[in-house]
Amino acid sequence: MIIMDIAIDNFYAFKNFHMNMSYPKKIVDSAIEQEYLTDRPNFRYKKVNIIMGGNATGKTSLGKLLMLFVNYCRDGSCTRFFSVVNDKGKEAALKIDFVTDIPVLYRFEMVIAPETEDGYTEKDVYAAFHFTEINKKDNYETCARRLCEKVCSEASYENINTMGWHFSYPQDAYKNKIYRSVEDDERYLRILDQLLKTLDPSIRKVVKLNEVENTYVVKWDNCSAMIQDGKIIEGKALSSGTKSGLDISYIIASLICDKHDLYYCDELFSYVNSDVEKACLSIIVDKLTERKQLFFTTHNTDILDMQLPIHSYVFLKKMPDDPDRSIKCVYAEHYLKRNTDSLKHAVENDLFCTAPELHRLFEIADL
């Protein structure tokens, strides 16, 4: 699945929020290969989406809402959205344009009516999929226009092949989360071993227990930790950053093994050294083959120095002049037009007005 466009109103803290993942023209000598559909070179999509912004600007909520959507595509149950409506006395709406494994642009639209005294029911929900074929010379805007004009057909979720997806959040490293397994592939052990040793050089080796299915042992000189089905067992010796390495290893291995198409990594490297984060991200980007897409949230400004297209970066911010403090997208490509423009310098000089307001903190010093 490739996400092309998302519009959100009254879910989580989003109000009239819009984010687009197409881009207008081909980038010469881009560090990211084939940011377009196979046999449809005009249908361009942002394969890598680096999402930055201050705290409480919706980076995690965006991923959680996308996760609700892809799970809806699996079973068609609307009830999972009820708990994330912000103001239950108002209508909530969600619109997502996406592409799967065939040259078709789908549009999912959902509208949830205001809650009644009896609560929400599925009768209060309008949800539908529409689609239009992507012709050889079409771009995203052409196809989206046909959907807006209702020159399209209707589909059912059962007939849409969304392929695989993976969502990672920093809190996952501290929960008994069972990861989807790629452990049948012999490359997984090497990836896990190399990554955990990078995060913790005192680790001597990572070995697979043949006696117990899907079980690995991380060994130090005087202790060990066990990982079974991706769940940490007896893992007191694992640091916060090393625990993050489990999910990082899975993502890299699943890309190499072609397990999923859509990845949402939310602050996965919060406890990881900046150089390691950049190195892992470069590997992930390199393994994003055709029809794959990455959403990657981070606070690490060193990521801005990576040789990625400027259109790969988007910043989320709350509008200070808006009484609702609505969340908006700021696209770096709208401000920086030349490849020689420094994105990091632009952020350091607060060109996008996304820096946190610190005056309240400094007022504490006067107490």
# chains A, B, ... in the order shown; residues from 1 in each chain; ligands from 1
>>> closest_atom_pairs(of="range 8-63 of chain A", to="range 81-103 of chain A", cutoff="12 Å", atoms="only C-alpha atoms", output="CSV")
residue,atom,partner,partner_atom,distance
A:Ile8,CA,A:Leu94,CA,4.8
A:Asp9,CA,A:Ala93,CA,5.2
A:Asn10,CA,A:Ala92,CA,4.9
A:Phe11,CA,A:Val85,CA,4.5
A:Tyr12,CA,A:Asn86,CA,5.2
A:Ala13,CA,A:Asn86,CA,6.5
A:Phe14,CA,A:Asn86,CA,8.3
A:Lys15,CA,A:Ala92,CA,9.2
A:Asn16,CA,A:Ala93,CA,9.0
A:Phe17,CA,A:Leu94,CA,9.7
A:His18,CA,A:Lys95,CA,9.4
A:Met19,CA,A:Ile96,CA,9.8
A:Asn20,CA,A:Asp97,CA,9.3
A:Met21,CA,A:Asp97,CA,9.7
A:Ser22,CA,A:Asp97,CA,10.7
A:Tyr36,CA,A:Val99,CA,11.3
A:Leu37,CA,A:Pro103,CA,8.0
A:Thr38,CA,A:Pro103,CA,8.8
A:Asp39,CA,A:Pro103,CA,9.0
A:Arg40,CA,A:Pro103,CA,8.2
A:Pro41,CA,A:Pro103,CA,11.7
A:Phe43,CA,A:Pro103,CA,9.8
A:Arg44,CA,A:Val99,CA,11.4
A:Tyr45,CA,A:Val99,CA,10.0
A:Ser61,CA,A:Val84,CA,9.5
A:Leu62,CA,A:Val84,CA,11.4
>>> write_last_selection(atoms="N, CA and C atoms", output="short mmCIF file (atom, residue, chain, number, x, y, z; two decimals), in the first residue's frame")
data_model
loop_
_atom_site.label_atom_id
_atom_site.label_comp_id
_atom_site.auth_asym_id
_atom_site.auth_seq_id
_atom_site.Cartn_x
_atom_site.Cartn_y
_atom_site.Cartn_z
N ILE A 8 -8.01 14.72 7.46
CA ILE A 8 -8.56 14.30 8.76
C ILE A 8 -9.27 15.48 9.40
N ASP A 9 -10.44 15.22 9.92
CA ASP A 9 -11.15 16.26 10.67
C ASP A 9 -11.84 15.63 11.88
N ASN A 10 -11.46 16.10 13.07
CA ASN A 10 -12.10 15.71 14.33
C ASN A 10 -11.75 14.29 14.78
N PHE A 11 -10.61 13.78 14.34
CA PHE A 11 -10.04 12.57 14.92
C PHE A 11 -8.77 12.97 15.66
N TYR A 12 -8.56 12.42 16.85
CA TYR A 12 -7.47 12.85 17.71
C TYR A 12 -7.50 14.38 17.80
N ALA A 13 -6.35 15.04 17.62
CA ALA A 13 -6.32 16.51 17.70
C ALA A 13 -6.35 17.16 16.32
N PHE A 14 -6.64 16.38 15.29
CA PHE A 14 -6.62 16.91 13.93
C PHE A 14 -7.94 17.59 13.58
N LYS A 15 -7.82 18.79 13.06
CA LYS A 15 -8.98 19.55 12.59
C LYS A 15 -8.66 20.12 11.22
N ASN A 16 -9.40 19.67 10.22
CA ASN A 16 -9.15 20.10 8.84
C ASN A 16 -7.68 19.93 8.45
N PHE A 17 -7.14 18.79 8.83
CA PHE A 17 -5.74 18.48 8.56
C PHE A 17 -5.62 17.84 7.18
N HIS A 18 -4.55 18.18 6.48
CA HIS A 18 -4.32 17.62 5.15
C HIS A 18 -2.84 17.39 4.92
N MET A 19 -2.50 16.22 4.39
CA MET A 19 -1.11 15.89 4.08
C MET A 19 -1.10 15.14 2.76
N ASN A 20 -0.22 15.57 1.85
CA ASN A 20 -0.15 14.99 0.51
C ASN A 20 1.22 14.37 0.28
N MET A 21 1.22 13.20 -0.37
CA MET A 21 2.45 12.46 -0.60
C MET A 21 2.82 12.35 -2.08
N SER A 22 2.30 13.23 -2.92
CA SER A 22 2.76 13.28 -4.30
C SER A 22 3.79 14.40 -4.42
N TYR A 36 8.10 6.51 -8.24
CA TYR A 36 6.93 6.53 -9.11
C TYR A 36 6.49 5.08 -9.33
N LEU A 37 5.28 4.91 -9.82
CA LEU A 37 4.77 3.56 -10.07
C LEU A 37 5.43 2.96 -11.30
N THR A 38 5.70 1.67 -11.23
CA THR A 38 6.25 0.96 -12.38
C THR A 38 5.31 1.10 -13.58
N ASP A 39 5.88 1.46 -14.73
CA ASP A 39 5.12 1.67 -15.97
C ASP A 39 4.18 2.88 -15.91
N ARG A 40 4.25 3.65 -14.84
CA ARG A 40 3.46 4.88 -14.72
C ARG A 40 4.38 5.98 -14.19
N PRO A 41 5.38 6.42 -15.00
CA PRO A 41 6.41 7.34 -14.49
C PRO A 41 5.88 8.70 -14.07
N PHE A 43 3.14 9.09 -12.38
CA PHE A 43 2.44 8.92 -11.10
C PHE A 43 3.49 8.82 -10.00
N ARG A 44 3.90 9.98 -9.49
CA ARG A 44 4.99 10.08 -8.54
C ARG A 44 4.47 10.08 -7.11
N TYR A 45 5.21 9.42 -6.24
CA TYR A 45 4.85 9.41 -4.82
C TYR A 45 6.11 9.52 -3.97
N SER A 61 -0.06 10.32 16.58
CA SER A 61 -1.49 10.15 16.29
C SER A 61 -1.73 9.88 14.82
N LEU A 62 -0.94 10.49 13.95
CA LEU A 62 -1.08 10.24 12.52
C LEU A 62 -0.83 8.76 12.22
#
>>> residues_around(residues="Thr242 in chain A", least_positions_apart="3", cutoff="10 Å", atoms="only C-alpha atoms", output="MDAnalysis selection string")
chainID A and resid 173 195:200 237:239 245:248 271:272
>>> residues_around(residues="range 324-335 of chain A", least_positions_apart="6", cutoff="10 Å", atoms="only C-alpha atoms", output="PDB file with C-alpha atoms, in the first residue's frame")
ATOM      1  CA  ALA A  13      -6.322  16.507  17.705  1.00  0.00           C
ATOM      2  CA  PHE A  14      -6.616  16.906  13.925  1.00  0.00           C
ATOM      3  CA  LYS A  15      -8.985  19.551  12.594  1.00  0.00           C
ATOM      4  CA  ASN A  16      -9.155  20.099   8.843  1.00  0.00           C
ATOM      5  CA  PHE A  17      -5.736  18.478   8.561  1.00  0.00           C
ATOM      6  CA  HIS A  18      -4.320  17.615   5.147  1.00  0.00           C
ATOM      7  CA  MET A  19      -1.113  15.892   4.079  1.00  0.00           C
ATOM      8  CA  ASN A  20      -0.151  14.990   0.512  1.00  0.00           C
ATOM      9  CA  TYR A  23       5.432  15.570  -5.768  1.00  0.00           C
ATOM     10  CA  ILE A  51       8.084  13.823   9.654  1.00  0.00           C
ATOM     11  CA  MET A  52       9.441  16.308  12.168  1.00  0.00           C
ATOM     12  CA  GLY A  53       7.827  18.723  14.588  1.00  0.00           C
ATOM     13  CA  ALA A  56       2.042  17.144  20.648  1.00  0.00           C
ATOM     14  CA  THR A  57       1.958  18.008  16.942  1.00  0.00           C
ATOM     15  CA  GLY A  58       0.345  14.735  15.891  1.00  0.00           C
ATOM     16  CA  PRO A 309      15.315  14.954  -1.696  1.00  0.00           C
ATOM     17  CA  ILE A 310      13.929  18.046   0.006  1.00  0.00           C
ATOM     18  CA  HIS A 311      10.414  16.813  -0.734  1.00  0.00           C
ATOM     19  CA  SER A 312      11.046  13.907   1.668  1.00  0.00           C
ATOM     20  CA  TYR A 313      10.734  16.247   4.654  1.00  0.00           C
ATOM     21  CA  VAL A 314       7.523  17.565   6.182  1.00  0.00           C
ATOM     22  CA  PHE A 315       7.082  19.472   9.436  1.00  0.00           C
ATOM     23  CA  LEU A 316       4.011  19.405  11.655  1.00  0.00           C
ATOM     24  CA  LYS A 317       3.157  22.381  13.803  1.00  0.00           C
ATOM     25  CA  LYS A 318       0.288  23.830  15.791  1.00  0.00           C
ATOM     26  CA  ASP A 341      19.746  25.032  -0.107  1.00  0.00           C
ATOM     27  CA  LEU A 343      17.584  22.242   5.072  1.00  0.00           C
ATOM     28  CA  ALA A 346      16.604  26.563   7.449  1.00  0.00           C
ATOM     29  CA  VAL A 347      15.386  24.641  10.500  1.00  0.00           C
ATOM     30  CA  LEU A 351      12.274  29.280   8.558  1.00  0.00           C
ATOM     31  CA  PHE A 352       9.245  27.012   8.948  1.00  0.00           C
ATOM     32  CA  CYS A 353       8.207  28.523  12.326  1.00  0.00           C
ATOM     33  CA  THR A 354       8.207  25.094  13.960  1.00  0.00           C
TER      34      THR A 354
END
>>> residues_around(residues="range 26-34 of chain A", least_positions_apart="5", cutoff="9 Å", atoms="only C-alpha atoms", output="VMD selection string")
chain A and resid 41 to 42 44 47 to 48 285 to 286 288 to 290 307 to 309
>>> select_by_dssp(residues="range 123-357 of chain A", states="strand (DSSP E or B)", output="ChimeraX atom specification")
/A:125-133,153-155,165-168,205-208,215-219,224-228,231-233,262-266,293-297,313-318,327-331
>>> select_by_dssp(residues="range 48-287 of chain A", states="alpha helix (DSSP H)", output="number ranges by chain")
A: 59-75, 140-148, 187-199, 240-256, 274-286
>>> residues_around(residues="Met163 in chain A", least_positions_apart="5", cutoff="9 Å", atoms="only C-alpha atoms", output="JSON list (two decimals) with C-alpha atoms, in the first residue's frame")
[["chain", "number", "residue", "atom", "x", "y", "z"],
["A", 1, "MET", "CA", 0.00, 0.00, 0.00],
["A", 100, "THR", "CA", -2.00, -1.13, -3.87],
["A", 101, "ASP", "CA", -0.35, -3.70, -6.14],
["A", 259, "LYS", "CA", 7.43, -8.82, 3.87],
["A", 260, "HIS", "CA", 5.63, -5.46, 3.89],
["A", 261, "ASP", "CA", 4.99, -2.43, 1.69],
["A", 262, "LEU", "CA", 4.10, 0.28, 4.24]]
>>> closest_residue(among="A:Ser249, A:Phe167, A:Ala128, A:Ser240", to="Asn71 in chain A", atoms="only C-alpha atoms")
A:Phe167
>>> closest_residue(among="A:Phe362, A:Tyr126, A:Phe295, A:Tyr169", to="Phe269 in chain A", atoms="only C-alpha atoms")
A:Tyr169
>>> atom_distance(atom1="CA of Ser168 in chain A", atom2="CA of Phe108 in chain A")
23.3 Å
>>> closest_residue(among="A:Leu268, A:Thr132, A:Arg291, A:Lys344", to="Val151 in chain A", atoms="only C-alpha atoms")
A:Thr132
>>> residues_around(residues="Tyr263 in chain A", least_positions_apart="4", cutoff="6 Å", atoms="only C-alpha atoms", output="PDB file with C-alpha atoms, in the first residue's frame")
ATOM      1  CA  TRP A 165       2.335  -3.107   6.816  1.00  0.00           C
ATOM      2  CA  HIS A 166       4.336  -2.487   9.976  1.00  0.00           C
ATOM      3  CA  PHE A 167       3.879   0.228  12.614  1.00  0.00           C
ATOM      4  CA  LEU A 294       8.258   4.784   4.710  1.00  0.00           C
TER       5      LEU A 294
END
